[in-house]
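Below is one structure, written out as structure tokens; comments come after it.
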Amino acid sequence: MAKVAQEMVTNAGVDVQELVRKLVRAAAAEFTTYYYYTILRVNAIGFDGEGLKEIIEDARLEDRNHFEALVPRIYELGGELPRDIRAFADDAACPDAYLPQNPRDMKEMLRVLVEAERCAIRVYTDICHMTFGKDHRTYELSLAILNEEIEHEAWFSEYLGDGPSGHFRRSAPGESPYTSRFLVVPNGHNHG
Ligand SMILES: [Fe+2]
């Protein structure tokens, strides 16, 4: 257990139990979103869907990376993942990103995607605020994740007609330009 690391965070005025709760709920949202985005990606087909497929895949793999990057910090701070995955999923910080009733309705699918990213942005902004200047490691990690969530929102909202996102594309699927350095076992193409 990272005793001194925990002590420093507590001494800086952070409620570590509350922080761990937020990190577990964030990790659950990443894990469930990774699952739901798998379903959304396989349904992003045809003239309307095909163009979306690649960015859904990027966001999907990066959410898995976010889960992976969060887990060690949860344990360092004395927390743990729930024993039962059902309890874990129920505790997710963001709603289920369900496939729309009509899976061919790409506008509806985009709304699901953009809302999931907006929820994630709120979650990590909150954790950044809580840890800024106090828990440097959690702050840096949350900020890295936040950077990627903001890019994901920009990609999807561009499709919804909100104007240019200013982005091009990842050099490899799920590259995680900000979070990859936190991953213990990179995907091979990370750390570019
Ligand atoms: Fe994420």
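Simple scheme: letters A, B, ... for chains in structure tokens order, numbers from 1 for residues in each chain, numbers from 1 for ligands in the order shown.
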Compute the set of protein, DNA and RNA residues whose minimum atom distance to ligand 1 is at most 7 Å, using only C-alpha atoms and all ligand atoms, and state it as a PyMOL selection string.
-> chain A and resi 30+62-63+66+120+145+149
Spatial neighbours of Ile121 of chain A, max dist 12 Å, only C-alpha atoms, sep filter under 5 positions, as a list in words
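Selected residues are Ala26, Ala29, Glu30, Ala93, Cys94, Val114, Glu115, Ala116, Asp126, Ile127, Cys128, Ser142, Leu143, Ala144, Ile145, Leu146, Asn147, Glu148, Glu149, Ile150, Glu151, His152, Glu153 and Ala154 of chain A.
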request  = Give me the residues within 12 Å of Phe132 of chain A as a list of chain:residue names, counting only C-alpha atoms and dropping any in the same chain fewer than 2 places off.
outcome  = A:Val9, A:Ala12, A:Gly13, A:Val14, A:Tyr124, A:Thr125, A:Asp126, A:Ile127, A:Cys128, A:His129, A:Met130, A:Lys134, A:Asp135, A:His136, A:Arg137, A:Thr138, A:Tyr139, A:Glu140, A:Leu141, A:Ser142, A:Leu143
Any chance you can output those residues with N, CA and C atoms as a short mmCIF file (atom, residue, chain, number, x, y, z; two decimals), in the first residue's frame?
data_model
loop_
_atom_site.label_atom_id
_atom_site.label_comp_id
_atom_site.auth_asym_id
_atom_site.auth_seq_id
_atom_site.Cartn_x
_atom_site.Cartn_y
_atom_site.Cartn_z
N VAL A 9 -1.78 13.04 0.19
CA VAL A 9 -3.05 13.48 -0.41
C VAL A 9 -4.02 13.92 0.69
N ALA A 12 -3.05 17.19 2.19
CA ALA A 12 -3.31 18.33 1.31
C ALA A 12 -4.78 18.74 1.35
N GLY A 13 -5.61 17.95 2.07
CA GLY A 13 -7.00 18.34 2.25
C GLY A 13 -7.99 17.60 1.35
N VAL A 14 -7.56 16.49 0.75
CA VAL A 14 -8.47 15.72 -0.09
C VAL A 14 -9.10 14.61 0.74
N TYR A 124 -14.31 13.93 -15.37
CA TYR A 124 -12.88 14.18 -15.19
C TYR A 124 -12.59 15.63 -14.84
N THR A 125 -13.45 16.54 -15.28
CA THR A 125 -13.29 17.93 -14.84
C THR A 125 -13.48 18.00 -13.33
N ASP A 126 -14.47 17.29 -12.84
CA ASP A 126 -14.75 17.23 -11.40
C ASP A 126 -13.54 16.67 -10.63
N ILE A 127 -12.97 15.57 -11.13
CA ILE A 127 -11.82 14.97 -10.44
C ILE A 127 -10.60 15.89 -10.52
N CYS A 128 -10.43 16.56 -11.65
CA CYS A 128 -9.33 17.54 -11.77
C CYS A 128 -9.50 18.65 -10.73
N HIS A 129 -10.70 19.17 -10.62
CA HIS A 129 -10.95 20.24 -9.64
C HIS A 129 -10.64 19.77 -8.22
N MET A 130 -11.03 18.54 -7.93
CA MET A 130 -10.86 18.00 -6.59
C MET A 130 -9.38 17.80 -6.24
N LYS A 134 -3.24 19.33 -5.18
CA LYS A 134 -3.31 18.53 -3.95
C LYS A 134 -2.84 17.09 -4.15
N ASP A 135 -3.42 16.45 -5.14
CA ASP A 135 -3.01 15.08 -5.46
C ASP A 135 -2.49 15.11 -6.89
N HIS A 136 -1.20 15.33 -7.01
CA HIS A 136 -0.60 15.62 -8.31
C HIS A 136 -0.71 14.45 -9.28
N ARG A 137 -0.57 13.25 -8.75
CA ARG A 137 -0.60 12.07 -9.62
C ARG A 137 -2.01 11.83 -10.17
N THR A 138 -3.01 11.88 -9.30
CA THR A 138 -4.38 11.68 -9.80
C THR A 138 -4.77 12.82 -10.73
N TYR A 139 -4.32 14.02 -10.40
CA TYR A 139 -4.63 15.17 -11.25
C TYR A 139 -4.06 14.97 -12.65
N GLU A 140 -2.79 14.59 -12.72
CA GLU A 140 -2.14 14.44 -14.02
C GLU A 140 -2.81 13.34 -14.86
N LEU A 141 -3.17 12.26 -14.20
CA LEU A 141 -3.86 11.17 -14.87
C LEU A 141 -5.24 11.61 -15.37
N SER A 142 -6.00 12.27 -14.49
CA SER A 142 -7.36 12.70 -14.86
C SER A 142 -7.31 13.73 -15.98
N LEU A 143 -6.31 14.58 -15.94
CA LEU A 143 -6.16 15.60 -16.99
C LEU A 143 -5.84 14.93 -18.33
#
| task | Using only C-alpha atoms, determine which residues lie at most 7 Å from Ala44 of chain A, disregarding the query and same-chain residues fewer than 6 positions distant; provide the list as JSON, numbers by chain. | result | {"A": [50, 52, 53]}
Atoms kept (N, CA and C atoms) for selection, written as a short mmCIF file (atom, residue, chain, number, x, y, z; two decimals), in the first residue's frame:
data_model
loop_
_atom_site.label_atom_id
_atom_site.label_comp_id
_atom_site.auth_asym_id
_atom_site.auth_seq_id
_atom_site.Cartn_x
_atom_site.Cartn_y
_atom_site.Cartn_z
N GLU A 50 -20.57 4.07 -42.00
CA GLU A 50 -19.19 3.63 -42.22
C GLU A 50 -18.17 4.70 -41.83
N LEU A 52 -18.35 6.81 -39.57
CA LEU A 52 -18.30 6.95 -38.10
C LEU A 52 -17.50 5.84 -37.44
N LYS A 53 -17.38 4.74 -38.14
CA LYS A 53 -16.88 3.51 -37.53
C LYS A 53 -15.49 3.70 -36.90
#
Practice item. Could you give me the residues within chain A that DSSP places in alpha helix (DSSP H), as JSON, numbers by chain? Key: {"A": [3, 4, 5, 6, 7, 8, 9, 10, 11, 16, 17, 18, 19, 20, 21, 22, 23, 24, 25, 26, 27, 28, 29, 30, 31, 32, 33, 34, 35, 36, 37, 38, 39, 40, 41, 42, 43, 46, 47, 48, 49, 50, 51, 52, 53, 54, 55, 56, 57, 58, 59, 60, 61, 62, 63, 64, 65, 66, 67, 68, 69, 70, 71, 72, 73, 74, 75, 76, 85, 86, 87, 88, 89, 90, 106, 107, 108, 109, 110, 111, 112, 113, 114, 115, 116, 117, 118, 119, 120, 121, 122, 123, 124, 125, 126, 127, 128, 129, 130, 131, 136, 137, 138, 139, 140, 141, 142, 143, 144, 145, 146, 147, 148, 149, 150, 151, 152, 153, 154, 155, 156, 157, 158, 159]}
Select, from A:Pro82, A:Ala89, A:Leu160, A:Ala5, the residue with the minimum atom-to-atom distance to Val112 of chain A, counting only C-alpha atoms.
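Ranking A:Pro82, A:Ala89, A:Leu160, A:Ala5 by distance to Val112 of chain A, first place goes to A:Leu160.
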Residues within 12 Å of Val4 of chain A, only C-alpha atoms, excluding chain neighbours under 6 positions, as an mmCIF file with C-alpha atoms, in the first residue's frame:
data_model
loop_
_atom_site.group_PDB
_atom_site.id
_atom_site.type_symbol
_atom_site.label_atom_id
_atom_site.label_comp_id
_atom_site.auth_asym_id
_atom_site.auth_seq_id
_atom_site.Cartn_x
_atom_site.Cartn_y
_atom_site.Cartn_z
ATOM 1 C CA THR A 10 -4.957 13.482 2.872
ATOM 2 C CA ASN A 11 -2.687 16.141 4.349
ATOM 3 C CA GLU A 76 -2.587 2.988 -4.624
ATOM 4 C CA LEU A 77 -5.106 5.141 -2.809
ATOM 5 C CA GLY A 78 -6.323 2.162 -0.794
#
Students should find that atom CA of Leu183 of chain A and atom CA of Leu23 of chain A are spaced 16.2 Å
**Item:** Residue contacts of Ile56 of chain A (8 Å, only C-alpha atoms) excluding same-chain residues fewer than 5 positions away, as a list in words
**Value:**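 Non-adjacent residues within range: Tyr37, Leu40 and Arg41 of chain A.
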For the selection just defined, write its residues with C-alpha atoms to a file, as a PDB file, in the first residue's frame.
ATOM      1  CA  TYR A  37     -19.237   1.212 -27.936  1.00  0.00           C
ATOM      2  CA  LEU A  40     -22.326   0.839 -31.549  1.00  0.00           C
ATOM      3  CA  ARG A  41     -19.235   0.270 -33.691  1.00  0.00           C
TER       4      ARG A  41
END
Please indicate the distance in Å from atom CA of Tyr75 of chain A to atom CA of Thr131 of chain A, rounded to one decimal place.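 About the pair atom CA of Tyr75 of chain A and atom CA of Thr131 of chain A: they are 16.7 Å apart.
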With distances taken over only C-alpha atoms, the candidate from A:Arg60, A:Arg83, A:Asn43, A:Phe31 nearest Gln101 of chain A is A:Asn43
TODO: Could you please determine the separation between atom CA of Thr33 of chain A and atom CA of Ala97 of chain A in Å, to one decimal place?
DONE: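 Computing it gives 6.4 Å between the two atoms.
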If you take only C-alpha atoms and a cut-off of 7 Å, which residues of segment 30-97 of chain A touch segment 163-180 of chain A, and what are their nearest atom pairs and distances in Å to one decimal, in chain and number order, as a tab-separated table?
residue	atom	partner	partner_atom	distance
A:Glu57	CA	A:Pro173	CA	6.7
A:Asp58	CA	A:Gly174	CA	4.2
A:Ala59	CA	A:Gly174	CA	6.6
A:Leu61	CA	A:Gly174	CA	4.7
A:Glu62	CA	A:Gly174	CA	5.0
Filtering to N, CA and C atoms, could you give me those residues as a short mmCIF file (atom, residue, chain, number, x, y, z; two decimals), in the first residue's frame?
data_model
loop_
_atom_site.label_atom_id
_atom_site.label_comp_id
_atom_site.auth_asym_id
_atom_site.auth_seq_id
_atom_site.Cartn_x
_atom_site.Cartn_y
_atom_site.Cartn_z
N GLU A 57 -14.31 3.42 -32.95
CA GLU A 57 -13.28 2.46 -32.54
C GLU A 57 -12.17 3.16 -31.75
N ASP A 58 -11.75 4.34 -32.19
CA ASP A 58 -10.74 5.09 -31.43
C ASP A 58 -11.25 5.39 -30.02
N ALA A 59 -12.47 5.89 -29.93
CA ALA A 59 -13.02 6.25 -28.62
C ALA A 59 -13.19 5.00 -27.75
N LEU A 61 -11.43 2.09 -27.87
CA LEU A 61 -10.14 1.59 -27.37
C LEU A 61 -9.53 2.56 -26.35
N GLU A 62 -9.74 3.83 -26.55
CA GLU A 62 -9.19 4.79 -25.58
C GLU A 62 -9.94 4.71 -24.26
#
